[in-house]
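Q: So here's start_2.txt (compact mmCIF, N, CA, C and O atoms).
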# COMPACT_ATOMS: atom_id res chain seq x y z
N MET A 1 279.08 279.38 118.68
CA MET A 1 279.30 278.34 119.66
C MET A 1 279.48 277.00 118.92
O MET A 1 278.70 276.66 118.04
N LEU A 2 280.47 276.27 119.30
CA LEU A 2 280.83 275.02 118.63
C LEU A 2 279.66 274.03 118.61
O LEU A 2 279.37 273.43 117.56
N VAL A 3 278.97 273.87 119.71
CA VAL A 3 277.92 272.85 119.77
C VAL A 3 276.76 273.20 118.82
O VAL A 3 276.17 272.30 118.24
N ILE A 4 276.48 274.47 118.62
CA ILE A 4 275.41 274.84 117.68
C ILE A 4 275.85 274.50 116.25
O ILE A 4 275.07 273.95 115.47
N ARG A 5 277.10 274.79 115.93
CA ARG A 5 277.62 274.46 114.60
C ARG A 5 277.61 272.95 114.37
O ARG A 5 277.19 272.47 113.31
N LYS A 6 278.03 272.19 115.36
CA LYS A 6 278.03 270.72 115.23
C LYS A 6 276.61 270.16 115.17
O LYS A 6 276.34 269.20 114.44
N PHE A 7 275.68 270.75 115.94
CA PHE A 7 274.28 270.36 115.87
C PHE A 7 273.76 270.60 114.45
O PHE A 7 273.09 269.74 113.87
N ALA A 8 274.08 271.75 113.89
CA ALA A 8 273.67 272.07 112.52
C ALA A 8 274.23 271.05 111.53
O ALA A 8 273.49 270.55 110.67
N GLU A 9 275.50 270.74 111.65
CA GLU A 9 276.12 269.76 110.74
C GLU A 9 275.45 268.39 110.88
O GLU A 9 275.18 267.73 109.88
N HIS A 10 275.19 267.97 112.11
CA HIS A 10 274.60 266.66 112.35
C HIS A 10 273.24 266.53 111.67
O HIS A 10 272.91 265.48 111.13
N TYR A 11 272.46 267.59 111.72
CA TYR A 11 271.11 267.55 111.16
C TYR A 11 271.00 268.19 109.78
O TYR A 11 269.90 268.42 109.28
N SER A 12 272.14 268.49 109.16
CA SER A 12 272.18 269.11 107.83
C SER A 12 271.35 270.40 107.79
O SER A 12 270.56 270.63 106.88
N LEU A 13 271.56 271.22 108.81
CA LEU A 13 270.90 272.52 108.90
C LEU A 13 271.96 273.61 108.75
O LEU A 13 273.14 273.37 108.98
N SER A 14 271.51 274.81 108.40
CA SER A 14 272.43 275.95 108.48
C SER A 14 272.59 276.28 109.95
O SER A 14 271.77 275.88 110.79
N VAL A 15 273.61 277.04 110.28
CA VAL A 15 273.82 277.43 111.67
C VAL A 15 272.63 278.28 112.14
O VAL A 15 272.16 278.12 113.27
N LYS A 16 272.12 279.13 111.26
CA LYS A 16 270.96 279.96 111.62
C LYS A 16 269.74 279.09 111.90
O LYS A 16 269.03 279.31 112.89
N GLN A 17 269.50 278.10 111.05
CA GLN A 17 268.36 277.20 111.27
C GLN A 17 268.52 276.45 112.60
O GLN A 17 267.55 276.29 113.35
N ALA A 18 269.72 275.97 112.87
CA ALA A 18 269.97 275.23 114.11
C ALA A 18 269.73 276.14 115.31
O ALA A 18 269.08 275.74 116.27
N TYR A 19 270.25 277.36 115.24
CA TYR A 19 270.07 278.30 116.35
C TYR A 19 268.58 278.57 116.59
O TYR A 19 268.12 278.53 117.73
N LEU A 20 267.83 278.85 115.53
CA LEU A 20 266.41 279.14 115.68
C LEU A 20 265.65 277.94 116.23
O LEU A 20 264.75 278.09 117.06
N TYR A 21 265.99 276.73 115.78
CA TYR A 21 265.36 275.51 116.29
C TYR A 21 265.67 275.35 117.78
O TYR A 21 264.77 275.12 118.60
N LEU A 22 266.95 275.49 118.13
CA LEU A 22 267.36 275.34 119.53
C LEU A 22 266.73 276.41 120.42
O LEU A 22 266.34 276.13 121.55
N LYS A 23 266.59 277.60 119.89
CA LYS A 23 265.95 278.66 120.67
C LYS A 23 264.46 278.36 120.86
O LYS A 23 263.94 278.48 121.97
N LYS A 24 263.79 277.93 119.81
CA LYS A 24 262.35 277.66 119.87
C LYS A 24 262.03 276.54 120.85
O LYS A 24 261.02 276.59 121.57
N TYR A 25 262.86 275.51 120.88
CA TYR A 25 262.57 274.32 121.68
C TYR A 25 263.42 274.21 122.95
O TYR A 25 263.64 273.13 123.47
N ALA A 26 263.90 275.33 123.44
CA ALA A 26 264.58 275.45 124.74
C ALA A 26 266.00 274.88 124.79
O ALA A 26 266.56 274.73 125.87
N GLY A 27 266.58 274.58 123.65
CA GLY A 27 267.96 274.10 123.64
C GLY A 27 268.96 275.17 124.05
O GLY A 27 269.91 274.89 124.78
N ILE A 28 268.73 276.40 123.60
CA ILE A 28 269.64 277.49 123.97
C ILE A 28 269.56 277.75 125.47
O ILE A 28 270.58 277.93 126.14
N ALA A 29 268.35 277.76 126.01
CA ALA A 29 268.19 277.95 127.46
C ALA A 29 268.90 276.84 128.22
O ALA A 29 269.54 277.09 129.26
N PHE A 30 268.81 275.61 127.71
CA PHE A 30 269.49 274.47 128.33
C PHE A 30 271.01 274.67 128.31
O PHE A 30 271.69 274.45 129.32
N ILE A 31 271.54 275.10 127.17
CA ILE A 31 272.98 275.34 127.07
C ILE A 31 273.40 276.41 128.07
O ILE A 31 274.40 276.26 128.77
N ASP A 32 272.63 277.49 128.13
CA ASP A 32 272.96 278.57 129.06
C ASP A 32 272.94 278.08 130.51
O ASP A 32 273.84 278.39 131.29
N LYS A 33 271.93 277.32 130.86
CA LYS A 33 271.76 276.87 132.25
C LYS A 33 272.78 275.79 132.64
O LYS A 33 273.28 275.78 133.76
N CYS A 34 273.07 274.89 131.72
CA CYS A 34 273.89 273.71 132.04
C CYS A 34 275.25 273.72 131.36
O CYS A 34 275.88 272.67 131.21
N TYR A 35 275.73 274.89 130.97
CA TYR A 35 276.98 274.96 130.22
C TYR A 35 278.14 274.28 130.94
O TYR A 35 278.89 273.53 130.32
N ASP A 36 278.29 274.53 132.22
CA ASP A 36 279.43 273.96 132.96
C ASP A 36 279.46 272.44 132.87
O ASP A 36 280.51 271.84 132.64
N ALA A 37 278.31 271.81 133.02
CA ALA A 37 278.25 270.34 132.95
C ALA A 37 278.40 269.85 131.52
O ALA A 37 279.14 268.90 131.25
N GLU A 38 277.69 270.49 130.59
CA GLU A 38 277.74 270.06 129.19
C GLU A 38 279.14 270.24 128.60
O GLU A 38 279.55 269.47 127.74
N HIS A 39 279.85 271.25 129.07
CA HIS A 39 281.19 271.53 128.57
C HIS A 39 282.16 270.38 128.87
O HIS A 39 283.17 270.22 128.18
N THR A 40 281.86 269.56 129.87
CA THR A 40 282.74 268.45 130.22
C THR A 40 282.48 267.21 129.37
O THR A 40 283.24 266.25 129.43
N LEU A 41 281.38 267.22 128.60
CA LEU A 41 281.01 266.07 127.78
C LEU A 41 281.55 266.20 126.36
O LEU A 41 281.97 267.28 125.94
N SER A 42 281.49 265.11 125.62
CA SER A 42 281.87 265.18 124.22
C SER A 42 280.80 265.97 123.46
O SER A 42 279.67 266.13 123.93
N VAL A 43 281.16 266.44 122.28
CA VAL A 43 280.20 267.17 121.45
C VAL A 43 279.03 266.26 121.09
O VAL A 43 277.88 266.69 121.11
N ASP A 44 279.31 264.99 120.78
CA ASP A 44 278.22 264.06 120.45
C ASP A 44 277.25 263.90 121.62
O ASP A 44 276.04 263.88 121.42
N ASP A 45 277.77 263.81 122.83
CA ASP A 45 276.91 263.71 124.01
C ASP A 45 276.07 264.98 124.18
O ASP A 45 274.89 264.92 124.53
N ALA A 46 276.69 266.12 123.94
CA ALA A 46 275.96 267.39 124.04
C ALA A 46 274.84 267.47 123.00
O ALA A 46 273.74 267.93 123.30
N ILE A 47 275.10 266.98 121.79
CA ILE A 47 274.07 266.96 120.75
C ILE A 47 272.92 266.04 121.15
O ILE A 47 271.75 266.38 120.97
N ILE A 48 273.25 264.89 121.72
CA ILE A 48 272.21 263.97 122.19
C ILE A 48 271.36 264.66 123.26
O ILE A 48 270.13 264.60 123.23
N ASP A 49 272.02 265.32 124.21
CA ASP A 49 271.29 266.02 125.27
C ASP A 49 270.41 267.13 124.70
O ASP A 49 269.24 267.26 125.07
N LEU A 50 270.95 267.92 123.79
CA LEU A 50 270.17 268.99 123.17
C LEU A 50 268.98 268.44 122.40
O LEU A 50 267.88 269.00 122.47
N THR A 51 269.20 267.35 121.69
CA THR A 51 268.12 266.73 120.94
C THR A 51 267.00 266.30 121.88
O THR A 51 265.81 266.54 121.61
N GLN A 52 267.35 265.71 123.00
CA GLN A 52 266.33 265.25 123.95
C GLN A 52 265.59 266.41 124.58
O GLN A 52 264.38 266.37 124.73
N VAL A 53 266.32 267.44 124.96
CA VAL A 53 265.67 268.62 125.54
C VAL A 53 264.67 269.20 124.55
O VAL A 53 263.53 269.52 124.90
N CYS A 54 265.10 269.35 123.31
CA CYS A 54 264.20 269.90 122.28
C CYS A 54 263.00 268.99 122.03
O CYS A 54 261.87 269.48 121.90
N ARG A 55 263.22 267.70 121.98
CA ARG A 55 262.09 266.76 121.80
C ARG A 55 261.12 266.87 122.98
O ARG A 55 259.90 266.82 122.78
N ASN A 56 261.63 267.02 124.17
CA ASN A 56 260.77 267.17 125.36
C ASN A 56 259.94 268.43 125.29
O ASN A 56 258.93 268.55 125.97
N ASN A 57 260.38 269.39 124.47
CA ASN A 57 259.69 270.67 124.33
C ASN A 57 259.00 270.82 122.97
O ASN A 57 258.73 271.93 122.54
N GLY A 58 258.75 269.70 122.29
CA GLY A 58 257.99 269.71 121.05
C GLY A 58 258.79 269.64 119.77
O GLY A 58 258.21 269.60 118.69
N GLY A 59 260.11 269.60 119.86
CA GLY A 59 260.94 269.49 118.65
C GLY A 59 260.81 268.09 118.06
O GLY A 59 260.45 267.14 118.75
N ASP A 60 261.12 267.97 116.77
CA ASP A 60 260.90 266.68 116.11
C ASP A 60 262.14 266.06 115.47
O ASP A 60 262.04 265.06 114.78
N LEU A 61 263.31 266.62 115.72
CA LEU A 61 264.53 266.01 115.18
C LEU A 61 264.89 264.79 116.02
O LEU A 61 264.71 264.80 117.24
N VAL A 62 265.41 263.77 115.38
CA VAL A 62 265.79 262.53 116.07
C VAL A 62 267.27 262.29 115.85
O VAL A 62 267.75 262.31 114.71
N TYR A 63 268.01 262.09 116.92
CA TYR A 63 269.45 261.81 116.81
C TYR A 63 269.66 260.45 116.16
O TYR A 63 269.08 259.46 116.58
N ALA A 64 270.47 260.44 115.12
CA ALA A 64 270.74 259.16 114.43
C ALA A 64 272.23 258.90 114.39
O ALA A 64 273.02 259.76 114.43
What do you get writing this file as structure tokens?

A:
Amino acid sequence: MLVIRKFAEHYSLSVKQAYLYLKKYAGIAFIDKCYDAEHTLSVDDAIIDLTQVCRNNGGDLVYA
């Protein structure tokens, strides 16, 4: 999925690391649930949304 790859690039993670982080902190569930809406946004906006969802669920990455 493009957004996972871009999330990984943004945070200098491997795609596997990004996927596991997003899965652990509910980012994958968010993508699944809100795909239709998120698909209409830019990739940067989707990364910001994913970052916030993960932070709300205990993740510690900060969008810069």

Q: Can you pull out the residues contacting stretch 10-24 of chain A? Cut-off 10 Å, using only C-alpha atoms, and skip same-chain residues under 6 positions away; I want them as a list of chain:residue names.

A: A:Met1, A:Ile4, A:Phe30, A:Ile31, A:Asp44, A:Ile47, A:Leu50, A:Thr51, A:Val53, A:Cys54, A:Asn57, A:Gly58, A:Gly59, A:Asp60, A:Leu61, A:Val62, A:Tyr63, A:Ala64

Q: Report, as JSON, the axis-aligned box around all atoms of stretch 26-34 of chain A present in the file, extended by 5 Å on each side; give centre and edge lengths in Å to one decimal place.

A:
{"center_x": 269.9, "center_y": 275.6, "center_z": 128.6, "size_x": 22.0, "size_y": 15.9, "size_z": 20.3}

Q: Can you tell me how far atom C of A:Asn56 sits from atom O of A:Tyr25, in Å to one decimal?

A: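 Between these atoms lies a distance of 6.3 Å.
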
Q: Per DSSP on the backbone, what are the helix (DSSP H, G or I) residues of chain A, as a tab-separated table (two decimals) with N, CA, C and O atoms, keeping the file's coordinate frame?

A:
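Everything below was put into selection06.tsv:
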chain	number	residue	atom	x	y	z
A	2	LEU	N	280.47	276.27	119.30
A	2	LEU	CA	280.83	275.02	118.63
A	2	LEU	C	279.66	274.03	118.61
A	2	LEU	O	279.37	273.43	117.56
A	3	VAL	N	278.97	273.87	119.71
A	3	VAL	CA	277.92	272.85	119.77
A	3	VAL	C	276.76	273.20	118.82
A	3	VAL	O	276.17	272.30	118.24
A	4	ILE	N	276.48	274.47	118.62
A	4	ILE	CA	275.41	274.84	117.68
A	4	ILE	C	275.85	274.50	116.25
A	4	ILE	O	275.07	273.95	115.47
A	5	ARG	N	277.10	274.79	115.93
A	5	ARG	CA	277.62	274.46	114.60
A	5	ARG	C	277.61	272.95	114.37
A	5	ARG	O	277.19	272.47	113.31
A	6	LYS	N	278.03	272.19	115.36
A	6	LYS	CA	278.03	270.72	115.23
A	6	LYS	C	276.61	270.16	115.17
A	6	LYS	O	276.34	269.20	114.44
A	7	PHE	N	275.68	270.75	115.94
A	7	PHE	CA	274.28	270.36	115.87
A	7	PHE	C	273.76	270.60	114.45
A	7	PHE	O	273.09	269.74	113.87
A	8	ALA	N	274.08	271.75	113.89
A	8	ALA	CA	273.67	272.07	112.52
A	8	ALA	C	274.23	271.05	111.53
A	8	ALA	O	273.49	270.55	110.67
A	9	GLU	N	275.50	270.74	111.65
A	9	GLU	CA	276.12	269.76	110.74
A	9	GLU	C	275.45	268.39	110.88
A	9	GLU	O	275.18	267.73	109.88
A	10	HIS	N	275.19	267.97	112.11
A	10	HIS	CA	274.60	266.66	112.35
A	10	HIS	C	273.24	266.53	111.67
A	10	HIS	O	272.91	265.48	111.13
A	15	VAL	N	273.61	277.04	110.28
A	15	VAL	CA	273.82	277.43	111.67
A	15	VAL	C	272.63	278.28	112.14
A	15	VAL	O	272.16	278.12	113.27
A	16	LYS	N	272.12	279.13	111.26
A	16	LYS	CA	270.96	279.96	111.62
A	16	LYS	C	269.74	279.09	111.90
A	16	LYS	O	269.03	279.31	112.89
A	17	GLN	N	269.50	278.10	111.05
A	17	GLN	CA	268.36	277.20	111.27
A	17	GLN	C	268.52	276.45	112.60
A	17	GLN	O	267.55	276.29	113.35
A	18	ALA	N	269.72	275.97	112.87
A	18	ALA	CA	269.97	275.23	114.11
A	18	ALA	C	269.73	276.14	115.31
A	18	ALA	O	269.08	275.74	116.27
A	19	TYR	N	270.25	277.36	115.24
A	19	TYR	CA	270.07	278.30	116.35
A	19	TYR	C	268.58	278.57	116.59
A	19	TYR	O	268.12	278.53	117.73
A	20	LEU	N	267.83	278.85	115.53
A	20	LEU	CA	266.41	279.14	115.68
A	20	LEU	C	265.65	277.94	116.23
A	20	LEU	O	264.75	278.09	117.06
A	21	TYR	N	265.99	276.73	115.78
A	21	TYR	CA	265.36	275.51	116.29
A	21	TYR	C	265.67	275.35	117.78
A	21	TYR	O	264.77	275.12	118.60
A	22	LEU	N	266.95	275.49	118.13
A	22	LEU	CA	267.36	275.34	119.53
A	22	LEU	C	266.73	276.41	120.42
A	22	LEU	O	266.34	276.13	121.55
A	23	LYS	N	266.59	277.60	119.89
A	23	LYS	CA	265.95	278.66	120.67
A	23	LYS	C	264.46	278.36	120.86
A	23	LYS	O	263.94	278.48	121.97
A	24	LYS	N	263.79	277.93	119.81
A	24	LYS	CA	262.35	277.66	119.87
A	24	LYS	C	262.03	276.54	120.85
A	24	LYS	O	261.02	276.59	121.57
A	27	GLY	N	266.58	274.58	123.65
A	27	GLY	CA	267.96	274.10	123.64
A	27	GLY	C	268.96	275.17	124.05
A	27	GLY	O	269.91	274.89	124.78
A	28	ILE	N	268.73	276.40	123.60
A	28	ILE	CA	269.64	277.49	123.97
A	28	ILE	C	269.56	277.75	125.47
A	28	ILE	O	270.58	277.93	126.14
A	29	ALA	N	268.35	277.76	126.01
A	29	ALA	CA	268.19	277.95	127.46
A	29	ALA	C	268.90	276.84	128.22
A	29	ALA	O	269.54	277.09	129.26
A	30	PHE	N	268.81	275.61	127.71
A	30	PHE	CA	269.49	274.47	128.33
A	30	PHE	C	271.01	274.67	128.31
A	30	PHE	O	271.69	274.45	129.32
A	31	ILE	N	271.54	275.10	127.17
A	31	ILE	CA	272.98	275.34	127.07
A	31	ILE	C	273.40	276.41	128.07
A	31	ILE	O	274.40	276.26	128.77
A	32	ASP	N	272.63	277.49	128.13
A	32	ASP	CA	272.96	278.57	129.06
A	32	ASP	C	272.94	278.08	130.51
A	32	ASP	O	273.84	278.39	131.29
A	33	LYS	N	271.93	277.32	130.86
A	33	LYS	CA	271.76	276.87	132.25
A	33	LYS	C	272.78	275.79	132.64
A	33	LYS	O	273.28	275.78	133.76
A	34	CYS	N	273.07	274.89	131.72
A	34	CYS	CA	273.89	273.71	132.04
A	34	CYS	C	275.25	273.72	131.36
A	34	CYS	O	275.88	272.67	131.21
A	35	TYR	N	275.73	274.89	130.97
A	35	TYR	CA	276.98	274.96	130.22
A	35	TYR	C	278.14	274.28	130.94
A	35	TYR	O	278.89	273.53	130.32
A	36	ASP	N	278.29	274.53	132.22
A	36	ASP	CA	279.43	273.96	132.96
A	36	ASP	C	279.46	272.44	132.87
A	36	ASP	O	280.51	271.84	132.64
A	37	ALA	N	278.31	271.81	133.02
A	37	ALA	CA	278.25	270.34	132.95
A	37	ALA	C	278.40	269.85	131.52
A	37	ALA	O	279.14	268.90	131.25
A	38	GLU	N	277.69	270.49	130.59
A	38	GLU	CA	277.74	270.06	129.19
A	38	GLU	C	279.14	270.24	128.60
A	38	GLU	O	279.55	269.47	127.74
A	43	VAL	N	281.16	266.44	122.28
A	43	VAL	CA	280.20	267.17	121.45
A	43	VAL	C	279.03	266.26	121.09
A	43	VAL	O	277.88	266.69	121.11
A	44	ASP	N	279.31	264.99	120.78
A	44	ASP	CA	278.22	264.06	120.45
A	44	ASP	C	277.25	263.90	121.62
A	44	ASP	O	276.04	263.88	121.42
A	45	ASP	N	277.77	263.81	122.83
A	45	ASP	CA	276.91	263.71	124.01
A	45	ASP	C	276.07	264.98	124.18
A	45	ASP	O	274.89	264.92	124.53
A	46	ALA	N	276.69	266.12	123.94
A	46	ALA	CA	275.96	267.39	124.04
A	46	ALA	C	274.84	267.47	123.00
A	46	ALA	O	273.74	267.93	123.30
A	47	ILE	N	275.10	266.98	121.79
A	47	ILE	CA	274.07	266.96	120.75
A	47	ILE	C	272.92	266.04	121.15
A	47	ILE	O	271.75	266.38	120.97
A	48	ILE	N	273.25	264.89	121.72
A	48	ILE	CA	272.21	263.97	122.19
A	48	ILE	C	271.36	264.66	123.26
A	48	ILE	O	270.13	264.60	123.23
A	49	ASP	N	272.02	265.32	124.21
A	49	ASP	CA	271.29	266.02	125.27
A	49	ASP	C	270.41	267.13	124.70
A	49	ASP	O	269.24	267.26	125.07
A	50	LEU	N	270.95	267.92	123.79
A	50	LEU	CA	270.17	268.99	123.17
A	50	LEU	C	268.98	268.44	122.40
A	50	LEU	O	267.88	269.00	122.47
A	51	THR	N	269.20	267.35	121.69
A	51	THR	CA	268.12	266.73	120.94
A	51	THR	C	267.00	266.30	121.88
A	51	THR	O	265.81	266.54	121.61
A	52	GLN	N	267.35	265.71	123.00
A	52	GLN	CA	266.33	265.25	123.95
A	52	GLN	C	265.59	266.41	124.58
A	52	GLN	O	264.38	266.37	124.73
A	53	VAL	N	266.32	267.44	124.96
A	53	VAL	CA	265.67	268.62	125.54
A	53	VAL	C	264.67	269.20	124.55
A	53	VAL	O	263.53	269.52	124.90
A	54	CYS	N	265.10	269.35	123.31
A	54	CYS	CA	264.20	269.90	122.28
A	54	CYS	C	263.00	268.99	122.03
A	54	CYS	O	261.87	269.48	121.90
A	55	ARG	N	263.22	267.70	121.98
A	55	ARG	CA	262.09	266.76	121.80
A	55	ARG	C	261.12	266.87	122.98
A	55	ARG	O	259.90	266.82	122.78
A	56	ASN	N	261.63	267.02	124.17
A	56	ASN	CA	260.77	267.17	125.36
A	56	ASN	C	259.94	268.43	125.29
A	56	ASN	O	258.93	268.55	125.97

Q: Would you mind reading off the distance between atom CA of A:Cys34 and atom CA of A:Lys6, one decimal, in Å?

A: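 So the two atoms, atom CA of A:Cys34 and atom CA of A:Lys6, lie 17.6 Å apart.
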
Q: Interatomic distance between atom CA of A:Val43 and atom CA of A:Leu2?

A: 8.4 Å
